[in-house]
>>> print(open('work21.cif').read())   # mmCIF, C-alpha atoms
data_coords
#
loop_
_atom_site.label_atom_id
_atom_site.label_comp_id
_atom_site.auth_asym_id
_atom_site.auth_seq_id
_atom_site.Cartn_x
_atom_site.Cartn_y
_atom_site.Cartn_z
CA MET Y 1 130.22 170.60 168.09
CA THR Y 2 128.04 168.22 170.04
CA VAL Y 3 128.10 168.31 173.83
CA GLU Y 4 127.05 165.22 175.66
CA TYR Y 5 125.27 165.90 178.93
CA GLN Y 6 125.72 163.43 181.71
CA PRO Y 7 122.80 162.66 183.98
CA VAL Y 8 123.12 163.87 187.52
CA THR Y 9 123.87 160.99 189.81
CA ARG Y 10 124.49 160.81 193.51
CA GLN Y 11 128.19 160.68 192.74
CA ASN Y 12 127.97 164.03 190.88
CA LEU Y 13 126.41 165.90 193.82
CA VAL Y 14 128.70 168.26 195.70
CA ARG Y 15 127.84 168.23 199.37
CA PRO Y 16 129.08 171.07 201.55
CA SER Y 17 131.11 170.18 204.54
CA GLN Y 18 129.19 170.05 207.81
CA THR Y 19 131.42 172.82 209.11
CA GLU Y 20 131.20 175.14 206.08
CA PRO Y 21 128.99 178.26 206.35
CA ILE Y 22 125.62 177.92 204.63
CA CYS Y 23 122.92 180.47 203.69
CA ILE Y 24 119.35 180.02 204.93
CA ALA Y 25 116.18 182.14 204.98
CA ALA Y 26 114.98 182.81 208.52
CA PRO Y 27 112.40 185.15 210.12
CA SER Y 28 113.89 188.08 212.00
CA VAL Y 29 112.49 191.06 213.89
CA SER Y 30 112.45 194.23 211.80
CA GLY Y 31 110.72 196.47 214.37
CA ILE Y 32 109.37 196.55 217.92
CA GLY Y 33 106.79 198.88 219.46
CA GLU Y 34 104.02 199.21 222.02
CA THR Y 35 101.13 201.49 222.88
CA GLU Y 36 98.34 201.91 225.44
CA VAL Y 37 94.64 202.28 224.66
CA LEU Y 38 92.17 203.83 227.12
CA GLU Y 39 88.60 202.50 227.01
CA ARG Y 40 85.76 204.15 229.01
CA ILE Y 41 82.49 202.35 229.70
CA VAL Y 42 79.51 204.16 231.28
CA ILE Y 43 76.24 202.32 232.03
CA ASP Y 44 72.94 203.85 233.21
CA LEU Y 45 71.87 201.59 236.07
CA ALA Y 46 68.16 202.52 236.00
CA ALA Y 47 67.98 201.60 232.30
CA LEU Y 48 69.89 198.39 233.03
CA ALA Y 49 67.47 197.43 235.82
CA ALA Y 50 64.50 198.18 233.55
CA ALA Y 51 65.98 195.96 230.82
CA GLY Y 52 66.58 193.19 233.37
CA ALA Y 53 62.99 193.40 234.60
CA ALA Y 54 61.62 193.42 231.03
CA ALA Y 55 63.66 190.28 230.29
CA GLY Y 56 62.35 188.55 233.42
CA ILE Y 57 65.79 188.41 235.06
CA LEU Y 58 64.96 190.91 237.84
CA THR Y 59 61.65 190.95 239.70
CA SER Y 60 61.35 194.75 239.56
CA ALA Y 61 62.85 197.70 237.72
CA THR Y 62 62.94 199.71 241.00
CA LEU Y 63 65.66 197.58 242.62
CA GLU Y 64 68.75 199.55 243.65
CA PRO Y 65 72.28 198.46 242.57
CA ILE Y 66 74.54 197.67 245.52
CA GLU Y 67 77.64 196.04 244.00
CA VAL Y 68 79.38 195.16 240.73
CA VAL Y 69 81.74 192.19 240.37
CA VAL Y 70 84.08 191.58 237.41
CA LEU Y 71 83.72 187.88 236.57
CA SER Y 72 86.10 187.70 233.61
CA LYS Y 73 87.97 189.87 231.11
CA ARG Y 74 90.05 189.44 228.00
CA VAL Y 75 91.45 191.35 225.03
CA THR Y 76 90.97 189.96 221.52
CA ILE Y 77 93.03 191.27 218.57
CA THR Y 78 90.93 190.94 215.41
CA GLU Y 79 93.08 192.83 212.88
CA CYS Y 80 96.79 193.46 212.51
CA GLU Y 81 98.38 195.25 209.52
CA VAL Y 82 101.95 196.44 208.95
CA PHE Y 83 102.66 199.82 207.34
CA THR Y 84 105.80 201.92 207.06
CA ASN Y 85 107.09 202.33 210.63
CA LYS Y 86 103.61 201.55 212.01
CA ILE Y 87 101.38 198.64 212.92
CA LEU Y 88 97.61 199.15 212.95
CA VAL Y 89 95.47 196.89 215.11
CA ASN Y 90 91.77 196.47 215.80
CA GLY Y 91 90.50 194.56 218.78
CA VAL Y 92 87.68 193.94 221.23
CA LEU Y 93 87.66 194.41 225.00
CA HIS Y 94 85.45 191.71 226.54
CA LYS Y 95 84.21 191.95 230.13
CA ASP Y 96 81.69 189.86 232.05
CA LEU Y 97 80.12 191.95 234.83
CA LEU Y 98 77.82 190.73 237.60
CA PHE Y 99 75.50 193.44 238.94
CA LYS Y 100 73.79 192.94 242.30
CA PHE Y 101 70.44 194.67 242.86
CA ALA Y 102 68.43 194.78 246.10
CA SER Y 103 65.35 196.43 247.60
CA LEU Y 104 65.68 199.11 250.28
CA THR Y 105 64.46 196.70 252.98
CA THR Y 106 66.88 194.27 254.64
CA VAL Y 107 66.36 190.90 256.23
CA SER Y 108 64.70 190.95 259.66
CA GLU Y 109 67.05 190.92 262.64
CA THR Y 110 65.40 187.70 263.83
CA ALA Y 111 67.26 185.87 261.03
CA LEU Y 112 70.62 187.09 262.33
CA LEU Y 113 72.03 184.81 264.99
CA THR Y 114 75.33 186.65 265.43
CA GLY Y 115 76.25 190.18 266.52
CA ALA Y 116 73.67 192.95 266.11
CA ASP Y 117 76.17 195.10 264.19
CA CYS Y 118 75.80 192.89 261.09
CA THR Y 119 73.14 193.33 258.43
CA LEU Y 120 71.75 190.93 255.84
CA THR Y 121 70.62 191.96 252.37
CA LEU Y 122 68.91 189.71 249.83
CA ALA Y 123 70.16 190.62 246.35
CA GLU Y 124 69.20 189.69 242.80
CA THR Y 125 71.92 189.34 240.20
CA LEU Y 126 72.15 190.42 236.58
CA ASP Y 127 75.00 189.12 234.39
CA LEU Y 128 76.03 191.65 231.72
CA VAL Y 129 78.50 190.86 228.91
CA VAL Y 130 80.20 193.96 227.47
CA ASP Y 131 82.17 193.91 224.18
CA CYS Y 132 83.86 197.21 223.27
CA PRO Y 133 85.76 197.48 219.95
CA PHE Y 134 88.94 199.57 219.87
CA GLY Y 135 91.70 200.49 217.44
CA ALA Y 136 95.32 201.57 217.84
CA CYS Y 137 98.23 202.78 215.72
CA ILE Y 138 101.51 201.49 217.16
CA PRO Y 139 104.77 203.25 216.22
CA VAL Y 140 107.19 200.50 215.09
CA PRO Y 141 110.42 201.96 213.64
CA GLY Y 142 111.80 199.66 210.93
CA ALA Y 143 108.48 198.06 209.98
CA CYS Y 144 107.70 197.88 206.24
CA PRO Y 145 104.68 196.80 204.18
CA GLY Y 146 104.96 193.08 203.51
CA ASP Y 147 106.29 192.28 206.97
CA THR Y 148 104.34 189.92 209.19
CA CYS Y 149 102.62 191.31 212.28
CA LEU Y 150 103.22 189.56 215.60
CA ILE Y 151 101.21 190.59 218.68
CA GLU Y 152 103.38 189.61 221.62
CA ASN Y 153 101.04 190.88 224.31
CA ALA Y 154 97.59 192.43 224.59
CA CYS Y 155 96.33 192.68 228.14
CA ILE Y 156 94.57 194.90 230.66
CA GLU Y 157 97.32 196.86 232.39
CA ALA Y 158 95.14 198.97 234.69
CA GLU Y 159 91.43 199.42 235.38
CA ARG Y 160 89.03 201.26 237.66
CA GLU Y 161 85.36 200.62 238.38
CA LEU Y 162 83.06 203.12 240.11
CA LEU Y 163 79.41 203.27 241.16
CA ILE Y 164 78.47 206.96 240.78
CA ASP Y 165 75.72 208.86 242.62
CA VAL Y 166 74.70 211.54 240.12
CA ASP Y 167 71.78 213.21 241.96
CA GLY Y 168 73.17 213.00 245.51
CA ASP Y 169 70.50 210.71 246.98
CA THR Y 170 73.14 208.18 248.22
CA MET Y 171 72.00 205.69 245.57
CA ALA Y 172 74.21 204.71 242.61
CA ASP Y 173 72.91 205.97 239.26
CA GLN Y 174 75.77 205.06 236.91
CA PHE Y 175 78.50 202.49 236.59
CA GLU Y 176 81.75 203.83 235.13
CA GLU Y 177 84.79 201.83 234.15
CA LYS Y 178 88.12 202.95 232.70
CA VAL Y 179 90.42 200.30 231.25
CA CYS Y 180 94.02 200.74 230.07
CA ILE Y 181 94.96 198.13 227.44
CA LEU Y 182 98.65 197.45 226.78
CA ILE Y 183 99.55 196.22 223.27
CA GLN Y 184 103.08 195.09 222.37
CA ALA Y 185 103.82 194.23 218.74
CA LYS Y 186 106.67 193.19 216.45
CA SER Y 187 107.11 193.19 212.69
CA ILE Y 188 108.75 190.04 211.27
CA ARG Y 189 110.66 189.82 207.97
CA ASN Y 190 112.39 186.89 206.27
CA ARG Y 191 116.11 187.52 205.76
CA GLN Y 192 118.99 185.51 204.36
CA VAL Y 193 121.49 184.72 207.07
CA THR Y 194 124.75 182.82 207.10
CA ILE Y 195 125.25 180.12 209.69
CA THR Y 196 128.03 177.66 210.44
CA PRO Y 197 126.69 174.24 211.44
CA ASN Y 198 128.14 172.47 214.43
CA ALA Y 199 129.40 169.11 213.21
CA ASP Y 200 129.19 167.61 216.69
CA ASN Y 201 125.65 168.73 217.46
CA ILE Y 202 123.65 169.68 214.34
CA CYS Y 203 120.22 169.56 216.02
CA PRO Y 204 120.51 170.05 219.77
CA GLY Y 205 117.77 168.57 221.91
CA PHE Y 206 114.86 170.66 223.15
CA THR Y 207 115.47 172.32 226.49
CA PRO Y 208 112.19 173.37 228.17
CA ILE Y 209 111.96 176.81 229.74
CA PRO Y 210 111.60 176.28 233.51
CA GLU Y 211 109.02 179.03 233.95
CA CYS Y 212 107.09 181.66 232.01
CA PRO Y 213 108.59 185.16 231.78
CA GLU Y 214 107.08 187.87 233.96
CA SER Y 215 103.97 189.52 232.54
CA PRO Y 216 103.92 193.33 232.17
CA CYS Y 217 100.38 193.21 233.60
CA MET Y 218 101.20 191.63 236.97
CA THR Y 219 98.63 193.81 238.80
CA ASN Y 220 95.79 191.84 237.19
CA THR Y 221 96.94 188.28 237.80
CA GLY Y 222 93.92 187.56 240.01
CA LEU Y 223 91.50 187.57 237.07
CA PRO Y 224 91.77 185.76 233.74
CA SER Y 225 93.39 187.82 231.01
CA SER Y 226 94.17 186.13 227.72
CA VAL Y 227 94.83 186.97 224.09
CA PHE Y 228 92.93 185.52 221.14
CA ILE Y 229 94.17 186.59 217.70
CA THR Y 230 91.54 186.07 215.00
CA ARG Y 231 91.11 187.43 211.51
CA ARG Y 232 88.09 186.68 209.42
CA PRO Y 233 88.74 186.08 205.67
CA GLY Y 234 87.95 189.18 203.62
CA SER Y 235 87.72 191.50 206.63
CA ILE Y 236 89.27 194.96 206.47
CA MET Y 237 90.54 197.45 208.96
CA GLY Y 238 87.81 199.56 210.56
#
>>> encode(input="work21.cif", output="structure tokens")
Amino acid sequence: MTVEYQPVTRQNLVRPSQTEPICIAAPSVSGIGETEVLERIVIDLAALAAAGAAAGILTSATLEPIEVVVLSKRVTITECEVFTNKILVNGVLHKDLLFKFASLTTVSETALLTGADCTLTLAETLDLVVDCPFGACIPVPGACPGDTCLIENACIEAERELLIDVDGDTMADQFEEKVCILIQAKSIRNRQVTITPNADNICPGFTPIPECPESPCMTNTGLPSSVFITRRPGSIMG
């Protein structure tokens, strides 16, 4: 028995009604989690001054540190991998610090044309860029290998900077900084979902969000804090 096959033409196509349910593949959240990472940075100020003098940035290695200013900061996520109920991340804490060094002598009072209670100090500056790698294991119930990792937020939630006098001579010997990094992550998985199109408005117009949602790191809004997610080809988790 010979069966003749008819070519498919536009008339042969069966088109679903615009109001009938259809099945599509769409990304959905399979797990949500967050963690906090504590980074501690300690710098020997005498060694820093000696390095600055050797590089020709400071005039002398005997200058005393008087102040430290945080110029900029950011958290960069370099790796993100999904495991069973966990997400592993690697990242780098970047900080730009401005150290001010001065001699023990101050400017002569003859240069001060205001009240005698004020003092003037001439300071030299040393810009130090600090990059500290870190890693974290984030509990994410529902995450599975094969899911996509989404870092929703990685920012500096709290920080403290101190100039420490180790030997009690009223001069700072060390700079210590403690930084709390907040990381919020999601695992994303493609799922088949059923939707019912709206015949009157299949593709609604874009409605802009009037303002950004509140950041969980509102205490650090005065300084730049941004997230850069990068992953070099062939790199592995450290």
>>> atom_distance(input="work21.cif", atom1="atom CA of Glu67 of chain Y", atom2="atom CA of Asp167 of chain Y")
18.3 Å
>>> resolve_selection(input="work21.cif", expression="the PyMOL selection byres ((chain Y and resi 100-104) around 8)", output="PyMOL selection string")
chain Y and resi 62-68+98-99+105-106+121-126
>>> residues_around(input="work21.cif", residues="Pro21 of chain Y", least_positions_apart="5", cutoff="8 Å", atoms="all atoms listed in the file", output="PyMOL selection string")
chain Y and resi 194-197
>>> atom_distance(input="work21.cif", atom1="atom CA of Ala25 of chain Y", atom2="atom CA of Val82 of chain Y")
20.6 Å
>>> residues_around(input="work21.cif", residues="segment 128-132 of chain Y", least_positions_apart="2", cutoff="9 Å", atoms="only C-alpha atoms", output="PyMOL selection string")
chain Y and resi 39+41+91-99+126+134
>>> resolve_selection(input="work21.cif", expression="the PyMOL selection byres ((chain Y and resi 138) around 12)", output="JSON, numbers by chain")
{"Y": [31, 32, 33, 34, 35, 36, 37, 80, 81, 82, 83, 84, 85, 86, 87, 88, 89, 90, 135, 136, 137, 139, 140, 141, 143, 149, 151, 182, 183, 184, 185, 186, 187]}
>>> closest_atom_pairs(input="work21.cif", of="segment 89-187 of chain Y", to="segment 42-57 of chain Y", cutoff="6 Å", atoms="only C-alpha atoms", output="Markdown table")
| residue | atom | partner | partner_atom | distance |
| --- | --- | --- | --- | --- |
| Y:Asp173 | CA | Y:Leu45 | CA | 5.5 |
| Y:Gln174 | CA | Y:Asp44 | CA | 4.8 |
| Y:Phe175 | CA | Y:Ile43 | CA | 5.1 |
| Y:Glu176 | CA | Y:Val42 | CA | 4.5 |
>>> resolve_selection(input="work21.cif", expression="the PyMOL selection byres ((chain Y and resi 156) around 7)", output="list in words")
Cys155, Glu157, Ala158, Val179, Cys180, Ile181, Leu182 and Cys217 of chain Y
>>> atom_distance(input="work21.cif", atom1="atom CA of Pro27 of chain Y", atom2="atom CA of Asn190 of chain Y")
4.2 Å
>>> closest_residue(input="work21.cif", among="Y:Val69, Y:Val75, Y:Ala61, Y:Leu120", to="Asn153 of chain Y", atoms="only C-alpha atoms")
Y:Val75
>>> closest_residue(input="work21.cif", among="Y:Val166, Y:Glu79, Y:Arg189, Y:Glu161", to="Asp147 of chain Y", atoms="only C-alpha atoms")
Y:Arg189
>>> axis_aligned_box(input="work21.cif", around="segment 156-159 of chain Y", padding_each_side="6 Å", output="lines of an AutoDock Vina configuration file")
center_x = 94.4
center_y = 197.2
center_z = 233.0
size_x = 17.9
size_y = 16.5
size_z = 16.7
>>> closest_residue(input="work21.cif", among="Y:Asp169, Y:Ser28, Y:Ser60, Y:Leu38", to="Thr148 of chain Y", atoms="all atoms listed in the file")
Y:Ser28
